[in-house]
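Listing of final_5.cif, mmCIF, C-alpha atoms
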```cif
data_upload
#
loop_
_atom_site.label_atom_id
_atom_site.label_comp_id
_atom_site.auth_asym_id
_atom_site.auth_seq_id
_atom_site.Cartn_x
_atom_site.Cartn_y
_atom_site.Cartn_z
CA MET A 1 -27.93 8.55 -9.71
CA LEU A 2 -31.38 8.50 -8.21
CA CYS A 3 -30.53 5.55 -6.00
CA LEU A 4 -28.18 7.81 -4.05
CA LEU A 5 -31.02 10.10 -2.98
CA ASP A 6 -33.60 9.29 -0.35
CA SER A 7 -37.30 9.01 -1.15
CA ASP A 8 -38.11 12.59 -0.07
CA GLU A 9 -35.56 14.04 -2.38
CA VAL A 10 -36.71 11.87 -5.25
CA ALA A 11 -40.26 13.08 -4.66
CA ARG A 12 -39.12 16.70 -4.63
CA LEU A 13 -37.05 16.27 -7.78
CA ALA A 14 -39.96 14.49 -9.45
CA SER A 15 -42.34 17.34 -8.61
CA VAL A 16 -39.88 19.87 -10.01
CA GLY A 17 -39.57 17.76 -13.15
CA LEU A 18 -43.35 17.57 -13.42
CA VAL A 19 -43.64 21.36 -13.18
CA LEU A 20 -40.94 21.68 -15.83
CA SER A 21 -42.67 19.28 -18.15
CA HIS A 22 -45.96 21.23 -17.68
CA ILE A 23 -44.18 24.42 -18.65
CA GLY A 24 -42.38 22.61 -21.44
CA MET A 25 -43.34 21.73 -24.95
CA ASP A 26 -45.48 18.69 -24.35
CA GLY A 27 -48.25 20.09 -22.11
CA GLY A 28 -48.57 17.61 -19.25
CA SER A 29 -47.09 14.40 -20.60
CA THR A 30 -44.40 12.88 -18.41
CA GLU A 31 -42.22 12.07 -21.37
CA TYR A 32 -39.74 14.77 -20.48
CA LEU A 33 -39.85 14.12 -16.73
CA THR A 34 -36.47 12.39 -16.58
CA LEU A 35 -34.97 15.09 -18.71
CA GLY A 36 -36.36 17.75 -16.37
CA ILE A 37 -35.01 15.98 -13.30
CA PHE A 38 -31.60 15.65 -14.88
CA LEU A 39 -31.65 19.30 -15.93
CA VAL A 40 -32.36 20.41 -12.38
CA ALA A 41 -29.79 17.99 -10.94
CA ALA A 42 -27.15 19.17 -13.40
CA CYS A 43 -27.84 22.83 -12.61
CA LEU A 44 -27.67 22.14 -8.86
CA PHE A 45 -24.49 20.13 -9.32
CA ALA A 46 -22.86 23.08 -11.08
CA LEU A 47 -24.27 25.89 -8.95
CA MET A 48 -24.09 24.39 -5.46
CA PRO A 49 -20.27 24.39 -5.11
CA LEU A 50 -20.20 28.00 -6.32
CA GLY A 51 -22.90 28.94 -3.84
CA LEU A 52 -21.19 27.09 -1.00
CA ALA A 53 -17.87 28.77 -1.82
CA ARG A 54 -19.56 32.19 -1.80
CA LEU A 55 -21.23 31.36 1.50
CA TRP A 56 -17.92 30.21 2.96
CA ALA A 57 -16.19 33.40 1.82
CA TRP A 58 -18.95 35.50 3.35
CA ARG A 59 -18.95 33.66 6.67
CA PHE A 60 -15.27 32.79 7.24
CA ALA A 61 -12.68 33.81 4.66
CA PRO A 62 -12.94 37.36 3.33
CA THR A 63 -11.85 37.85 -0.26
CA LYS A 64 -8.89 40.14 -0.63
CA PRO A 65 -8.50 41.36 -4.18
CA GLY A 66 -5.79 43.88 -4.93
CA PRO A 67 -4.09 45.57 -7.87
CA VAL A 68 -1.10 43.19 -7.85
CA LYS A 69 -3.18 40.09 -7.19
CA ASN A 70 -5.58 40.89 -10.01
CA SER A 71 -2.87 41.87 -12.46
CA ILE A 72 -1.95 39.64 -15.39
CA TYR A 73 0.31 36.71 -14.45
CA GLU A 74 3.54 36.89 -16.38
CA CYS A 75 5.97 34.72 -14.40
CA GLY A 76 6.21 37.37 -11.72
CA LEU A 77 7.20 40.17 -14.04
CA GLU A 78 5.04 43.17 -14.69
CA SER A 79 3.13 42.62 -17.91
CA GLN A 80 4.09 44.84 -20.83
CA GLY A 81 1.20 46.33 -22.74
CA ASP A 82 -2.21 44.89 -23.35
CA ALA A 83 -3.08 41.31 -24.26
CA TRP A 84 -5.82 42.57 -26.64
CA ARG A 85 -3.52 43.81 -29.38
CA PRO A 86 -4.58 43.90 -33.04
CA PHE A 87 -3.24 41.35 -35.51
CA LYS A 88 -2.26 42.19 -39.08
CA SER A 89 -5.45 42.01 -41.12
CA ALA A 90 -3.59 40.45 -44.10
CA TYR A 91 -3.77 37.13 -42.27
CA TYR A 92 -7.40 36.73 -43.33
CA LEU A 93 -6.12 35.58 -46.76
CA TYR A 94 -4.26 32.70 -45.18
CA ALA A 95 -7.42 31.75 -43.30
CA ILE A 96 -9.39 31.72 -46.55
CA VAL A 97 -6.85 29.63 -48.46
CA PHE A 98 -6.63 27.23 -45.54
CA LEU A 99 -10.39 26.91 -45.62
CA VAL A 100 -10.29 26.04 -49.33
CA PHE A 101 -7.93 23.13 -48.79
CA ASP A 102 -9.56 22.10 -45.52
CA VAL A 103 -13.09 21.86 -46.93
CA GLU A 104 -11.78 20.22 -50.08
CA ILE A 105 -9.92 17.44 -48.24
CA VAL A 106 -12.90 16.71 -45.98
CA PHE A 107 -15.12 15.97 -49.01
CA LEU A 108 -12.49 14.67 -51.41
CA LEU A 109 -11.51 11.69 -49.26
CA PRO A 110 -14.99 10.10 -49.04
CA PHE A 111 -15.50 11.07 -52.70
CA ALA A 112 -12.36 9.17 -53.71
CA VAL A 113 -13.30 6.14 -51.60
CA ALA A 114 -16.83 5.89 -53.06
CA PHE A 115 -15.79 6.96 -56.57
CA GLY A 116 -16.22 3.53 -58.21
CA GLY A 117 -19.89 3.08 -57.30
CA LEU A 118 -21.21 6.62 -57.72
CA PRO A 119 -24.06 7.43 -60.15
CA LEU A 120 -23.43 10.07 -62.81
CA GLY A 121 -25.52 12.70 -61.01
CA ALA A 122 -23.45 12.44 -57.84
CA VAL A 123 -20.19 12.72 -59.80
CA LEU A 124 -21.43 15.85 -61.57
CA ALA A 125 -22.59 17.42 -58.29
CA MET A 126 -19.24 16.65 -56.69
CA MET A 127 -17.34 18.04 -59.67
CA LEU A 128 -19.39 21.25 -59.43
CA PHE A 129 -18.51 21.50 -55.75
CA VAL A 130 -14.80 20.92 -56.41
CA LEU A 131 -14.89 23.54 -59.16
CA LEU A 132 -16.48 26.03 -56.78
CA VAL A 133 -13.69 25.47 -54.26
CA VAL A 134 -10.98 25.51 -56.94
CA GLU A 135 -12.39 28.83 -58.14
CA GLY A 136 -11.54 30.23 -54.71
CA LEU A 137 -8.01 28.90 -55.08
CA LEU A 138 -7.70 30.44 -58.57
CA TRP A 139 -8.91 33.75 -57.20
CA ALA A 140 -6.24 33.62 -54.48
CA TRP A 141 -3.63 32.63 -57.07
CA ALA A 142 -4.59 35.51 -59.36
CA LYS A 143 -4.43 37.88 -56.41
CA GLY A 144 -0.85 36.77 -55.73
CA VAL A 145 -1.51 35.38 -52.26
CA LEU A 146 0.38 32.16 -52.96
CA ARG A 147 3.60 34.07 -53.53
CA TRP A 148 5.36 34.75 -50.24
CA SER A 149 6.69 38.28 -50.11
CA MET B 1 -15.62 18.21 22.16
CA ASP B 2 -14.39 16.10 25.00
CA VAL B 3 -11.56 13.80 23.95
CA GLY B 4 -12.71 10.95 26.18
CA LEU B 5 -16.24 11.05 24.80
CA ARG B 6 -14.89 11.11 21.26
CA SER B 7 -12.70 8.04 21.74
CA GLU B 8 -15.61 6.29 23.48
CA LEU B 9 -17.84 7.00 20.49
CA GLN B 10 -15.06 5.96 18.13
CA ARG B 11 -14.87 2.60 19.83
CA HIS B 12 -18.52 2.08 18.93
CA GLY B 13 -17.88 2.98 15.33
CA ILE B 14 -19.19 6.56 15.50
CA PHE B 15 -16.80 9.20 14.20
CA VAL B 16 -17.39 12.77 15.25
CA THR B 17 -15.72 15.78 13.68
CA THR B 18 -16.14 19.52 13.42
CA LEU B 19 -16.36 21.68 10.32
CA GLU B 20 -13.07 23.27 11.31
CA GLU B 21 -11.26 19.94 11.58
CA LEU B 22 -12.71 18.70 8.32
CA TYR B 23 -11.70 21.91 6.56
CA ASN B 24 -8.18 21.83 7.95
CA TRP B 25 -7.81 18.12 7.26
CA GLY B 26 -8.65 18.66 3.62
CA ARG B 27 -6.45 21.69 3.27
CA SER B 28 -3.40 20.27 5.00
CA ASN B 29 -3.47 17.15 2.85
CA SER B 30 -3.72 18.94 -0.47
CA LEU B 31 -1.04 21.62 -0.35
CA TRP B 32 -0.27 22.51 -3.94
CA PRO B 33 3.17 24.10 -4.23
CA LEU B 34 4.08 26.65 -6.83
CA GLY B 35 6.48 25.14 -9.37
CA PHE B 36 9.19 27.62 -8.77
CA GLY B 37 12.88 27.14 -7.96
CA LEU B 38 15.59 29.75 -7.60
CA ALA B 39 18.86 27.86 -7.15
CA CYS B 40 20.40 24.57 -6.06
CA CYS B 41 17.77 23.96 -3.34
CA ALA B 42 15.29 23.52 -6.19
CA ILE B 43 17.16 20.35 -7.19
CA GLU B 44 16.46 18.93 -3.74
CA MET B 45 12.85 20.10 -4.03
CA ILE B 46 12.54 18.26 -7.35
CA ALA B 47 14.13 15.17 -5.80
CA ALA B 48 11.61 15.34 -2.96
CA SER B 49 8.73 15.36 -5.42
CA MET B 50 10.06 12.35 -7.35
CA ALA B 51 9.54 8.65 -6.67
CA ARG B 52 12.39 8.11 -4.22
CA TYR B 53 11.13 10.58 -1.60
CA ASP B 54 7.60 10.82 -2.95
CA LEU B 55 6.07 14.05 -1.75
CA ALA B 56 2.80 12.70 -3.15
CA ARG B 57 2.32 10.77 0.08
CA PHE B 58 1.50 14.12 1.69
CA GLY B 59 -0.71 15.33 -1.13
CA ALA B 60 1.82 17.97 -2.15
CA GLU B 61 3.14 16.64 -5.44
CA VAL B 62 0.97 18.79 -7.70
CA PHE B 63 3.44 21.53 -8.55
CA ARG B 64 1.33 24.18 -10.24
CA PRO B 65 2.70 26.34 -13.04
CA SER B 66 0.48 29.28 -12.08
CA PRO B 67 0.23 31.08 -8.73
CA ARG B 68 -3.55 31.22 -9.13
CA GLN B 69 -3.72 27.46 -8.49
CA ALA B 70 -1.01 27.15 -5.85
CA ASP B 71 -1.26 27.63 -2.11
CA LEU B 72 2.30 26.90 -1.01
CA MET B 73 5.37 28.80 -2.10
CA ILE B 74 8.64 26.98 -1.51
CA VAL B 75 11.34 29.63 -1.76
CA ALA B 76 14.06 27.20 -2.81
CA GLY B 77 17.36 28.99 -3.19
CA THR B 78 19.19 32.29 -3.15
CA VAL B 79 16.94 35.29 -3.58
CA THR B 80 18.92 37.95 -5.39
CA LYS B 81 17.82 41.54 -5.16
CA LYS B 82 17.05 41.38 -8.85
CA MET B 83 14.68 38.47 -8.22
CA ALA B 84 13.06 39.64 -4.97
CA PRO B 85 10.31 41.82 -6.55
CA GLN B 86 9.28 38.91 -8.76
CA VAL B 87 9.09 36.56 -5.76
CA VAL B 88 6.94 39.04 -3.84
CA ARG B 89 4.71 39.63 -6.86
CA LEU B 90 4.23 35.88 -7.32
CA TYR B 91 3.33 35.56 -3.65
CA ASN B 92 0.83 38.38 -4.03
CA GLN B 93 -0.77 36.71 -7.03
CA MET B 94 -1.41 33.48 -5.15
CA ALA B 95 -4.94 32.87 -3.90
CA GLU B 96 -5.67 32.76 -0.19
CA PRO B 97 -4.93 30.81 1.98
CA LYS B 98 -1.25 30.77 1.09
CA TYR B 99 1.82 29.59 2.91
CA VAL B 100 5.56 30.02 2.48
CA ILE B 101 8.41 27.64 3.22
CA ALA B 102 11.85 29.26 3.20
CA MET B 103 14.08 26.41 2.08
CA GLY B 104 17.78 26.56 2.82
CA ALA B 105 20.21 29.02 4.32
CA CYS B 106 19.96 31.46 1.40
CA ALA B 107 16.19 31.88 1.56
CA ILE B 108 16.40 32.29 5.35
CA SER B 109 19.25 34.76 5.63
CA GLY B 110 21.30 34.97 2.43
CA GLY B 111 23.38 31.98 3.55
CA PRO B 112 26.94 31.83 2.23
CA PHE B 113 26.21 34.85 0.05
CA LYS B 114 25.03 37.00 2.92
CA GLN B 115 27.92 39.44 2.46
CA GLY B 116 27.18 39.80 -1.24
CA TYR B 117 25.92 43.17 -2.43
CA ASN B 118 23.23 41.61 -4.61
CA VAL B 119 21.71 39.01 -2.29
CA LEU B 120 18.59 39.52 -0.23
CA LYS B 121 19.27 38.65 3.39
CA GLY B 122 16.19 36.51 3.88
CA ILE B 123 12.86 36.43 2.05
CA ASP B 124 11.03 37.04 5.34
CA ARG B 125 11.93 40.70 4.92
CA TYR B 126 9.10 40.99 2.40
CA ILE B 127 6.67 38.09 2.83
CA PRO B 128 5.54 36.18 5.93
CA VAL B 129 7.35 32.84 6.15
CA ASP B 130 5.62 29.95 7.93
CA VAL B 131 8.38 27.35 8.08
CA HIS B 132 12.16 27.80 7.79
CA ILE B 133 14.37 24.85 6.78
CA PRO B 134 18.06 25.20 7.65
CA GLY B 135 20.65 23.45 5.48
CA CYS B 136 22.80 24.13 2.45
CA PRO B 137 20.99 22.60 0.69
CA PRO B 138 18.53 20.81 2.99
CA ARG B 139 17.99 17.17 2.13
CA PRO B 140 14.60 16.07 0.74
CA GLU B 141 13.80 14.60 4.16
CA ALA B 142 14.17 18.07 5.63
CA LEU B 143 11.69 19.45 3.09
CA ILE B 144 9.28 16.64 3.94
CA HIS B 145 9.72 17.50 7.62
CA ALA B 146 8.96 21.14 6.86
CA LEU B 147 5.85 20.11 4.96
CA MET B 148 4.70 17.97 7.88
CA THR B 149 5.34 20.87 10.24
CA LEU B 150 3.24 23.11 8.00
CA GLN B 151 0.50 20.47 7.91
CA GLN B 152 0.43 20.43 11.70
CA ARG B 153 0.22 24.21 11.76
CA ILE B 154 -2.66 24.21 9.30
CA ALA B 155 -4.45 21.50 11.28
CA ALA B 156 -4.23 23.69 14.39
CA GLU B 157 -5.68 26.81 12.72
CA SER B 158 -9.04 27.98 14.00
CA LEU B 159 -11.82 29.28 11.77
CA VAL B 160 -13.20 31.82 14.21
CA GLY B 161 -12.01 33.71 17.24
CA PRO B 162 -9.13 36.07 17.91
CA ASN B 163 -6.45 33.47 17.10
CA ARG B 164 -7.58 32.84 13.57
CA PRO B 165 -4.87 33.05 10.90
CA ARG B 166 -4.08 35.99 8.65
CA HIS B 167 -6.10 34.91 5.65
CA LEU B 168 -9.32 34.76 7.67
CA ARG B 169 -8.93 38.28 9.07
CA ARG B 170 -10.55 41.08 7.20
CA ASP B 171 -8.12 43.70 8.50
CA GLN B 172 -4.96 41.81 7.54
CA PRO B 173 -3.48 42.48 4.10
CA GLY B 174 -3.74 39.91 1.31
CA GLU B 175 -0.83 41.30 -0.63
CA PHE B 176 2.44 42.86 0.45
CA PRO B 177 4.22 45.82 -1.14
CA VAL B 178 6.50 44.83 -4.01
CA PRO B 179 9.96 46.38 -3.62
CA GLU B 180 11.46 48.42 -6.42
CA TYR B 181 15.01 48.68 -7.67
CA GLY B 182 16.88 51.62 -6.16
CA SER B 183 20.32 52.96 -6.96
CA HIS B 184 21.97 50.95 -4.17
CA ASP B 185 19.37 48.65 -2.67
CA LEU B 186 15.76 47.62 -2.95
CA ILE B 187 13.27 50.27 -1.93
CA PRO B 188 12.10 49.68 0.74
CA PRO B 189 14.94 47.43 2.00
CA LYS B 190 12.45 45.55 4.19
CA ASN B 191 8.77 45.46 5.05
CA GLU B 192 8.74 46.91 8.56
CA SER B 193 5.28 45.58 9.33
CA ILE B 194 6.27 41.91 9.06
CA TRP B 195 10.03 41.87 9.63
CA ARG B 196 11.58 43.05 12.83
CA PRO B 197 15.27 42.35 13.38
CA PRO B 198 16.02 40.56 16.63
CA VAL B 199 17.18 42.90 19.34
CA ILE B 200 20.72 42.01 20.39
CA VAL B 201 21.24 42.43 24.09
CA ARG B 202 24.88 42.54 25.11
CA SER B 203 25.56 41.44 28.63
CA GLY B 204 28.45 42.64 30.74
#
```

Could you express the structure from this file as structure tokens?
Amino acid sequence: MLCLLDSDEVARLASVGLVLSHIGMDGGSTEYLTLGIFLVAACLFALMPLGLARLWAWRFAPTKPGPVKNSIYECGLESQGDAWRPFKSAYYLYAIVFLVFDVEIVFLLPFAVAFGGLPLGAVLAMMLFVLLVVEGLLWAWAKGVLRWS
Amino acid sequence: MDVGLRSELQRHGIFVTTLEELYNWGRSNSLWPLGFGLACCAIEMIAASMARYDLARFGAEVFRPSPRQADLMIVAGTVTKKMAPQVVRLYNQMAEPKYVIAMGACAISGGPFKQGYNVLKGIDRYIPVDVHIPGCPPRPEALIHALMTLQQRIAAESLVGPNRPRHLRRDQPGEFPVPEYGSHDLIPPKNESIWRPPVIVRSG
């Protein structure tokens, strides 16, 4: 990236990076210089188009917001009600049960693959973990969540 | 800039341009239409965007599903009075600068359904139309011609001065009133500020 800039710009970027590294954690070492330069370049890369667009709007094209233009897009129709409507709180149970199976499968698969060569301690720890998760399932079962009503 | 001087410089490999030309060049070659069809003209519009006619050659193949990302509205088909408020609202929700092509006889004047009680007699009663394409339906070549005409118009727009287009003027509106359903007709039946019927002068 640096090869695209001319020497002046490189010098400026380097000085900014130096200042950053002085402020930063390492008190004067140039270890973080590249990081600083890239940080500044990334910020400029993101902010410059926004700034240019704002400048362009101020100089040439006035922004024209309005009640219809700012309204919610719903295929040309007027939107009915608010998008921020509450959901039924009972759905949290589904989230919890999903989490039980999700976490279980993430750990069970590597557990099953490495099962043959595991020491006894690891097997016991894993069993404890599985029991903890199964306890959640049993709780949900006892509560009657698994029965669709 | 003097045309002679420019071509002289060009012959030596130096290309000169203005901010205005650069801006218009970019804009006219990346017109993103709103993916929006009303009737049979939309079939021709779809054909124009496909490989055989290849609207992509003009940078206008990116049909956007949201008016926030589109800057060209192709009114392709019959605008019924039931649909007119939605069309106007979609136009209003598009970001500036925005352009409108009225495609086909129906979008221009109501076409073969002009006598119908439920058909709007031309979308230019509510929103400013830049290019009209006659035909029922117009062939894809006609749509491409309309797009090229619009590109030429955009290329000729000036950034400053009294002749600058609507979207660059602070006093010009960015959105137009959306009509409402009345008991017999849309209310208002037309936007007086942008649509004036031609005055018929009878001779003899």

At a cut-off of 7 Å, which residues of chain A touch chain B? Count all atoms listed in the file and give the answer as number ranges by chain. A: 60-62, 64, 68-69, 76-77

Take atom CA of A:Leu93 and atom CA of A:Glu135 and report the distance between them in Å, one decimal. 14.6 Å

As an MDAnalysis selection string, please: the residues near A:Met126 (cut-off 9 Å, only C-alpha atoms, same-chain neighbours under 4 positions excluded). chainID A and resid 107:108 111 121:122 130:131

Distance cut-off 9 Å, centre (13.0, 18.7, -0.9) in file coordinates, counting only C-alpha atoms: which residues qualify? Return them as number ranges by chain. B: 41-49, 53, 55, 76, 103, 138-144

For B:Gly26, list every protein, DNA or RNA residue within 12 Å, evaluated using all atoms listed in the file, and leave out those in the same chain fewer than 4 positions away; present the list as a list in words. Leu19, Glu20, Glu21, Leu22, Ser30, Leu31, Trp32, Phe58, Gly59, Ala60, Gln151, Ile154 and Ala155 of chain B

Give me the result of the PyMOL selection byres ((chain B and resi 188-197) around 8) on this file, residue by residue, as a ChimeraX atom specification. /B:124-128,177,179-180,185-187,198-199

Residues in the PyMOL selection byres ((chain A and resi 83) around 12), expressed as a list of chain:residue names: A:Ser71, A:Ile72, A:Tyr73, A:Glu74, A:Ser79, A:Gln80, A:Gly81, A:Asp82, A:Trp84, A:Arg85, A:Pro86, A:Phe87

Please produce an output containing C-alpha atoms for each residue in the selection, written as a JSON list (two decimals), keeping the file's coordinate frame.
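Wrote out-v1.json, looks like this:
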```
[["chain", "number", "residue", "atom", "x", "y", "z"],
["A", 71, "SER", "CA", -2.87, 41.87, -12.46],
["A", 72, "ILE", "CA", -1.95, 39.64, -15.39],
["A", 73, "TYR", "CA", 0.31, 36.71, -14.45],
["A", 74, "GLU", "CA", 3.54, 36.89, -16.38],
["A", 79, "SER", "CA", 3.13, 42.62, -17.91],
["A", 80, "GLN", "CA", 4.09, 44.84, -20.83],
["A", 81, "GLY", "CA", 1.20, 46.33, -22.74],
["A", 82, "ASP", "CA", -2.21, 44.89, -23.35],
["A", 84, "TRP", "CA", -5.82, 42.57, -26.64],
["A", 85, "ARG", "CA", -3.52, 43.81, -29.38],
["A", 86, "PRO", "CA", -4.58, 43.90, -33.04],
["A", 87, "PHE", "CA", -3.24, 41.35, -35.51]]
```

Grab the atom CA of B:Ile108 to atom CA of B:Ser28 distance for me, in Å with one decimal place.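 Atom CA of B:Ser28 lies 23.2 Å from atom CA of B:Ile108.
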
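Taking atom CA of B:Arg11 and atom CA of B:Ala156 as endpoints, the distance between them is 24.2 Å.
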
Just the residues within 9 Å of stretch 136-145 of chain A, please, counting all atoms listed in the file, with nothing from its chain fewer than 4 positions along; format it as a ChimeraX atom specification. /A:93-94,96-97,100-101,131-132,149

Padded axis-aligned box of stretch 64-75 of chain B (6 Å per side), centre and edge lengths, Å, one decimal, as AutoDock Vina command-line options:
```
--center_x 3.8 --center_y 27.7 --center_z -7.0 --size_x 27.1 --size_y 19.0 --size_z 24.0
```
